[in-house]
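Visitor: One structure, as structure tokens, below. Some questions next.
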Amino acid sequence: MNNRSNTMKFSKLTLALLLVLASTGSTYAIDYYLRAEAVNKVMPDGSMIPMWGYALDPDAVQETGQVIVPGPTLVVPPNDPNLTIHLKNRLDVATSVIIPALPQAMTPQRFPAGDPDYPNRIRSLTHETPPGNAAPVPYSWTNVRPGSFMYHSGTHIAVQVQMGLYGPATRNAVDGAYSADSDFDNEVLLFYSEIDPIAHARIASGNYGPGEIMTSTIEYKPEFFLVNGNPYSLGDTPIPAGQVGQTTLLRLFNAGIETHVAQLQNLRGLLLADDGWPDNYPTDQYTFVLPAGKTKDVLLNPATEGIVPVYDRRLRLTNANASPGGLISLLEIAAAPPAVGENNNEVQTAPRNVPELATLAQYWLQNCQGCPADVNEDNIVNFIDFALMNNLNESPPEE
Amino acid sequence: MNTVSIRTRTYLLLAALIACILANAAQAMIMTIRPAATPGGLEFNLSAKQGYILTPDGGAYYMWGYANGDGLMQYPGPTLEFNQGETVTIHLTNQLDVPVSMVFPGQLNVTAGGGTAGVLTNEAAPAGGMVSYTFTATHAGTYHYHSGTNPELQIEMGLFGAIIVRPDNQPAEETWAYNHVDSQYDYEYLFLMSEMDPTIHEKAECGMWDQIDMNEYWPVLWFINGRCAPDVMLPDNTPLLPHQPYSCRPQVHPNERMLMRLIGGGRDLHPFHHHGNNALQIARDGRLLSSSPALGANLAVSDFTQAAAPGMTLDCIFTWTGKGLGWDVYGHEQDIDNEPTGDFPGPGDVDHNENGSVDNVDPVAGEDMEDHGKPFPVQLPDNKALAFGATYSGSPFLGAMGDLPPGEGGMNMFGGMMFMWHSHNEKEMVNYDIFPGGLMTMMFVEPPGAPIGGAHTMPMGQ
């Protein structure tokens with residue numbers, strides 16, 4: 001946008017990546033190994049919520065990833081638009097993965113004609129991964145367009161999405177979020193979801209469904225409201241969100257059932273895109289309406305340092321009715337770096353949020369070993385160099 | 001029986017006289033507060049207080065609200081008015097027994113002085129604590145403020161209000177909402193929408209804080225500018241509603257531009273539906289919908305329901321000409337006691353009422369020419385077959401008065417046309433389950449020359 005040097009850096013990075021990937025003989029398809037599994041999540045009031053989440057495993061065999069809610073951020077590289085999720089299922093029920101905003105070959109699955117409860121009814125929007133499968137089941141998307149997307153279970157969605165089977169997927173264009181006009185320096189994901197503790201307990205204990213104590217989600221009453229998997233608690237560390245003079249891409253997701261309205265305080269943003277579709281003319285707003293399933297991309301261009309609160313203007317700001325809590329995030333805008341000439345040699349590292357770094361590490365592990373230069377000159381070439389490069393604070397190596 | 005056209009003309013003369021008298025009654029149809037400017041900028045003094053509001057179903061509810069200085073607690077808080085570019089300081093004194101604060105969504109670089117740090121901003125301590133907020137209103141537009149302390153409870157309790165920032169570059173003789181002629185308006189009205197769950201207020205009044213569960217939220221009262229219909233149609237500052245000073249009585253002449261300033265003040269979205277015509281949504285969150293400032297509101301959207309989500313503001317331009325009705329809204333060339341001819345202007349023009357002249361009436365300003373002279377499509381029944389409302393003028397035509405039985409009518413002195421404006425979430429058009437009420441008002445199209453604003457055109461309920 002209005003920061004040419006960073007635009008240049010982004011392009012150079014992309015170019016470097018392209019060259020490296022080409023030279024290492026990439027097959028032009030990114031593979032993620034996800035594992036669906038039960039996990040308990042502790043809420044600020046100490047209550048333990050049974051959930052289902054995804055873990056990111058390094059390959060089809062090892063199950064070393066940590067089960068998290070929301071699932072890991074799946075980054076589809078700019079030069080590599082084909083995505084395959086290889087799914088393992090360690091739940092007791094069949095599951096699947098869909099991305100509603102992206103075309104996908106769907107093979108709906110029905111209950112048998114003789115099923116006493118749901119004869120012939122659809123139970124999954126696409127092919128299922130059975131419980132305990134040994135070989136991962138692939139779900140593939142080709143030509144993923146740039147944007148912010150949400151992947152989630154396509155099986156018994158009313159239950160499985162509520163239980164936590166959701167996560168973000170992103171892809172950038174080669175020169176920005178969607179184009180050079182939406183180039184950015186930093187990226188922050190805010191992923192909203194909700195928990196109805198009673199529903200979770202009933203589902204986890206097998207007391208949900210026809211003839212059971214809880215027959216449906218019609219009495220849905222969420223008590224916890226999560227940002228990136230956790231409700232706000234007093235004293236939470238602010239999320240680093242770039243610095244004065246830089247641009248930050250704010251990716252908003254709502255995996256909950258309710259509509260939320262993300263309201264910025266002390267800052268405004270340009271609404272770039274809905275559901276991964278860029279607007280021709282981004283609008284300058286401070287409220288961003290997020291109906292269920294929605295993603296929005298917002299470009300921030302802060303002029304002053306400090307804390308920028310982002311909170312749900314539908315006022316889901318409690319943890320089981322205790323205040324403050326729920327959908328509150330504090331973004332931290334750092335001061336602009338000293339002007340050239342005053343600076344020391346310290347690398348400016350506005351740290352990225354943790355899930356994203358983990359994703360970068362994973363991506364580097366799978367696709368990019370040896371690709372970055374030794375950016376921090378510690379004589380080890382590893383994903384930290386890759387993260388530093390991607391952070392755009394150090395020029396990538398010239399080819 | 002006399003005829004409509006004669007009385008229409010007589011009335012128009014009278015109206016023109018009144019209009020001359022009122023010519024300088026400018027377009028400030030929104031009651032605001034604005035202190036005198038000082039070299040340091042504007043200094044507002046607000047306080048947070050408790051009080052009671054009244055609802056048309058007979059309810060009286062315990063509230064918290066902002067007050068102007070040490071005035072009465074208000075629901076909503078005072079509408080603050082600044083000019084673009086002015087530096088504004090708001091001093092808040094807390095007279096509640098809980099911490100309280102103010103945030104200003106959409107404004108940039110708000111600094112807080114005094115008080116103690118809260119989650120979203122600095123807070124004023126209970127029972128006399130103070131805090132100040134300073135910012136520069138960099139852009140014109142419609143905004144709002146609300147408490148940044150436990151907002152889920154304090155907004156429900158009433159701690160919110162509207163902000164209007166006037167543009168710095170409008171021509172002297174015109175009123176613009178933003179720095180472009182696309183935002184020019186003749187009259188402006190505020191639609192600050194909210195809702196209420198009375199059980200929260202009843203428990204708060206009794207100090208039963210641990211009984212309040214915000215996850216059980218179930219509103220049954222809905223408000224525009226802090227009043228439920230039909231109270232919205234009482235005048236500003238009516239002594240009947242001491243804590244609810246703001247009315248919502250939109251009025252406009254045909255083809256004039258009405259600016260609707262819509263604000264989602266509560267926690268629910270109230271799709272605001274305006275009958276009569278589409279409106280052009282020209283701005284969102286205090287910014288003109290524009291691809292480039294020089295091109296004005298070139299991204300404006302025409303719609304009949306405006307979705308001002310919680311926290312969001314929308315500015316819309318509404319105009320009405322009767323276009324598309326298929327009949328002449330002024331009843332030109334028609335005597336309601338004669339069969340319409342429908343051939344005006346044409347050879348069939350006749351002296352219907354035998355008053356010595358052919359009833360060839362010139363079109364009036366704002367009239368849709370397509371329908372000039374087209375007949376009213378039905379024969380009105382005899383008065384003996386009608387039931388009457390207080391706002392029926394006795395005539396279907398704009399600016400015309402017809403015969404009414406003694407004691408009927410009288411609440412529509414200039415023969416205006418009324419349209420119900422309301423939440424399109426229709427369950428919100430009640431007061432605690434009693435229809436009609438809630439988030440609703442009546443918009444009046446007044447005939448050309450009729451005065452707008454002031455109690456004499458809308459004496460409803462006084």
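To be explicit about the labels: the chains of the structure tokens are called A, B, and onward in the order shown, and within each one the residues are counted from 1, while ligands get numbers from 1 in the order they are shown.
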Pick out the residues sitting within 10 Å of Leu325 of chain B, and hand them over as an NGL selection string; count only C-alpha atoms, and ignore anything fewer than 3 positions along from it in its own chain.
Guide: :B and (321-322 or 328-329 or 368 or 370-371 or 374 or 376)
Visitor: For chain B, work out the contacting residues on chain A at 9 Å, counting only C-alpha atoms, and write them as a ChimeraX atom specification.
Guide: /A:221-223,234-235,261,263-268,280-289,303-304,307-309,313-318,320-321,323-324,330
Visitor: Could you pull out all residues of segment 82-247 of chain A with a DSSP call of helix (DSSP H, G or I) and give them as a list in words?
Guide: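 Filtering segment 82-247 of chain A down to helix (DSSP H, G or I) leaves Ile157, Ala158, Val159, Gln160, Val161, Gln162, Met163, Ala180, Asp181, Ser182, Pro197, Ile198, Ala199, His200, Ala201, Arg202, Ile203 and Ala204 of chain A.
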Visitor: Dump C-alpha atoms for the selected residues as a compact mmCIF listing (two decimals), in the first residue's frame?
Guide:
# COMPACT_ATOMS: atom_id res chain seq x y z
CA ILE A 157 -22.22 -30.34 11.50
CA ALA A 158 -24.63 -29.21 14.22
CA VAL A 159 -22.70 -31.36 16.69
CA GLN A 160 -19.17 -31.55 15.33
CA VAL A 161 -18.63 -27.86 14.65
CA GLN A 162 -20.07 -27.01 18.05
CA MET A 163 -17.63 -29.51 19.58
CA ALA A 180 -0.43 -5.43 -4.48
CA ASP A 181 -3.17 -3.08 -3.22
CA SER A 182 -3.60 -5.26 -0.15
CA PRO A 197 -21.18 -26.41 28.24
CA ILE A 198 -24.36 -28.45 28.64
CA ALA A 199 -24.36 -29.46 24.99
CA HIS A 200 -20.71 -30.46 25.19
CA ALA A 201 -21.29 -32.58 28.27
CA ARG A 202 -24.32 -34.29 26.73
CA ILE A 203 -22.59 -34.97 23.42
CA ALA A 204 -19.39 -36.22 25.04
Visitor: Please indicate the distance in Å from atom CA of Asn133 of chain A to atom CA of Thr107 of chain A, rounded to one decimal place.
Guide: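 It comes out at 18.6 Å.
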Visitor: Name the residues in contact with segment 96-104 of chain A at a cut-off of 10 Å, using only C-alpha atoms, excluding same-chain residues fewer than 4 positions from it; report them as an MDAnalysis selection string.
Guide: chainID A and resid 34 36 85:89 124:130 137:145 147:157 160 165:169 275:277 293:295
Visitor: Could you save those same residues with C-alpha atoms as a PDB file, in the first residue's frame?
Guide:
ATOM      1  CA  LEU A  34      -4.711 -33.407  10.510  1.00  0.00           C
ATOM      2  CA  ALA A  36      -9.387 -35.223  14.826  1.00  0.00           C
ATOM      3  CA  ILE A  85      -5.813 -32.347   4.068  1.00  0.00           C
ATOM      4  CA  HIS A  86      -5.038 -35.906   5.096  1.00  0.00           C
ATOM      5  CA  LEU A  87      -7.423 -36.700   7.924  1.00  0.00           C
ATOM      6  CA  LYS A  88      -7.018 -39.186  10.720  1.00  0.00           C
ATOM      7  CA  ASN A  89      -9.911 -39.787  13.033  1.00  0.00           C
ATOM      8  CA  SER A 124     -22.183 -36.192   5.922  1.00  0.00           C
ATOM      9  CA  LEU A 125     -21.773 -33.630   3.151  1.00  0.00           C
ATOM     10  CA  THR A 126     -18.796 -35.507   1.766  1.00  0.00           C
ATOM     11  CA  HIS A 127     -16.867 -38.742   2.165  1.00  0.00           C
ATOM     12  CA  GLU A 128     -16.173 -39.730   5.740  1.00  0.00           C
ATOM     13  CA  THR A 129     -13.109 -40.667   7.681  1.00  0.00           C
ATOM     14  CA  PRO A 130     -14.084 -43.605   9.883  1.00  0.00           C
ATOM     15  CA  VAL A 137      -8.233 -39.997   4.185  1.00  0.00           C
ATOM     16  CA  PRO A 138      -7.461 -37.164   1.746  1.00  0.00           C
ATOM     17  CA  TYR A 139      -9.644 -34.095   1.143  1.00  0.00           C
ATOM     18  CA  SER A 140      -8.383 -31.976  -1.735  1.00  0.00           C
ATOM     19  CA  TRP A 141      -8.900 -28.519  -3.151  1.00  0.00           C
ATOM     20  CA  THR A 142      -7.350 -27.267  -6.338  1.00  0.00           C
ATOM     21  CA  ASN A 143      -6.745 -23.665  -7.335  1.00  0.00           C
ATOM     22  CA  VAL A 144      -7.435 -22.272  -3.907  1.00  0.00           C
ATOM     23  CA  ARG A 145      -8.047 -18.584  -4.420  1.00  0.00           C
ATOM     24  CA  GLY A 147      -8.438 -15.274   0.969  1.00  0.00           C
ATOM     25  CA  SER A 148      -9.385 -16.242   4.501  1.00  0.00           C
ATOM     26  CA  PHE A 149     -11.366 -19.456   4.798  1.00  0.00           C
ATOM     27  CA  MET A 150     -12.712 -21.737   7.471  1.00  0.00           C
ATOM     28  CA  TYR A 151     -12.399 -25.464   7.367  1.00  0.00           C
ATOM     29  CA  HIS A 152     -14.684 -27.519   9.552  1.00  0.00           C
ATOM     30  CA  SER A 153     -16.346 -30.885   9.847  1.00  0.00           C
ATOM     31  CA  GLY A 154     -18.794 -31.760   7.112  1.00  0.00           C
ATOM     32  CA  THR A 155     -20.346 -34.548   9.150  1.00  0.00           C
ATOM     33  CA  HIS A 156     -23.183 -33.987  11.642  1.00  0.00           C
ATOM     34  CA  ILE A 157     -22.221 -30.338  11.500  1.00  0.00           C
ATOM     35  CA  GLN A 160     -19.174 -31.555  15.330  1.00  0.00           C
ATOM     36  CA  LEU A 165     -13.854 -29.195  14.690  1.00  0.00           C
ATOM     37  CA  TYR A 166     -12.992 -25.968  12.908  1.00  0.00           C
ATOM     38  CA  GLY A 167      -9.959 -23.936  11.969  1.00  0.00           C
ATOM     39  CA  PRO A 168      -8.616 -21.207   9.688  1.00  0.00           C
ATOM     40  CA  ALA A 169      -7.084 -21.613   6.248  1.00  0.00           C
ATOM     41  CA  ASP A 275     -15.548 -14.960   2.661  1.00  0.00           C
ATOM     42  CA  GLY A 276     -12.353 -14.630   0.662  1.00  0.00           C
ATOM     43  CA  TRP A 277     -13.956 -12.480  -2.031  1.00  0.00           C
ATOM     44  CA  GLY A 293     -19.443 -19.034   9.174  1.00  0.00           C
ATOM     45  CA  LYS A 294     -18.241 -15.634   7.964  1.00  0.00           C
ATOM     46  CA  THR A 295     -14.663 -14.578   7.327  1.00  0.00           C
TER      47      THR A 295
END
Visitor: So that I can see what lies close to segment 68-70 of chain A, please list as a VMD selection string the residues with an atom at most 12 Å from it, counting only C-alpha atoms and leaving out residues fewer than 6 positions away in the same chain.
Guide: chain A and resid 34 to 42 49 to 57 150 to 153 161 to 169 189 to 195 226 to 231 253 to 256 355 358
Visitor: Tell me, which residues of segment 74-105 of chain A carry DSSP strand (DSSP E or B), written as a list in words?
Guide: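 Strand (DSSP E or B) members of segment 74-105 of chain A, listed: Leu74, Val75, Val76, Leu83, Thr84, Ile85, His86, Leu87, Lys88, Asn89, Thr95 and Ile98 of chain A.
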Visitor: So what do you get for atom CA of Gln154 of chain B versus atom CA of Tyr62 of chain B, distance-wise?
Guide: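 Interatomic distance here is 12.2 Å.
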Visitor: Using only C-alpha atoms, which residues sit within 6 Å of segment 395-410 of chain B once same-chain residues fewer than 6 positions away are excluded, as a list of chain:residue names?
Guide: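 Counting only C-alpha atoms, the residues come to B:Thr8, B:Val329, B:Tyr330, B:Gly331, B:Gly416, B:Pro447.
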Visitor: Which distance in Å separates atom CA of Val188 of chain A and atom CA of Gly326 of chain A, to one decimal?
Guide: 18.1 Å
Visitor: Got a sec: who's within 10 Å of Glu305 of chain A, counting only C-alpha atoms, leaving out chain neighbours fewer than 2 positions off, as an mmCIF file with C-alpha atoms, in the first residue's frame?
Guide:
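See out37.cif below for the written result:
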data_model
loop_
_atom_site.group_PDB
_atom_site.id
_atom_site.type_symbol
_atom_site.label_atom_id
_atom_site.label_comp_id
_atom_site.auth_asym_id
_atom_site.auth_seq_id
_atom_site.Cartn_x
_atom_site.Cartn_y
_atom_site.Cartn_z
ATOM 1 C CA GLY A 242 2.583 -4.685 14.003
ATOM 2 C CA GLN A 243 3.857 -1.205 14.406
ATOM 3 C CA VAL A 244 3.171 2.361 13.496
ATOM 4 C CA GLY A 245 3.743 2.978 9.814
ATOM 5 C CA PRO A 302 -2.170 2.371 12.686
ATOM 6 C CA ALA A 303 -0.763 5.861 13.124
ATOM 7 C CA ILE A 307 -3.449 -0.957 22.706
ATOM 8 C CA VAL A 308 -6.328 -1.372 20.264
ATOM 9 C CA GLU A 332 -0.679 -4.090 20.636
ATOM 10 C CA ILE A 333 0.678 -1.608 18.131
ATOM 11 C CA ALA A 334 4.389 -1.030 18.621
ATOM 12 C CA ALA A 335 6.137 2.273 18.057
ATOM 13 C CA ALA A 336 7.738 2.923 14.702
ATOM 14 C CA ASN B 109 -6.272 8.579 19.038
#
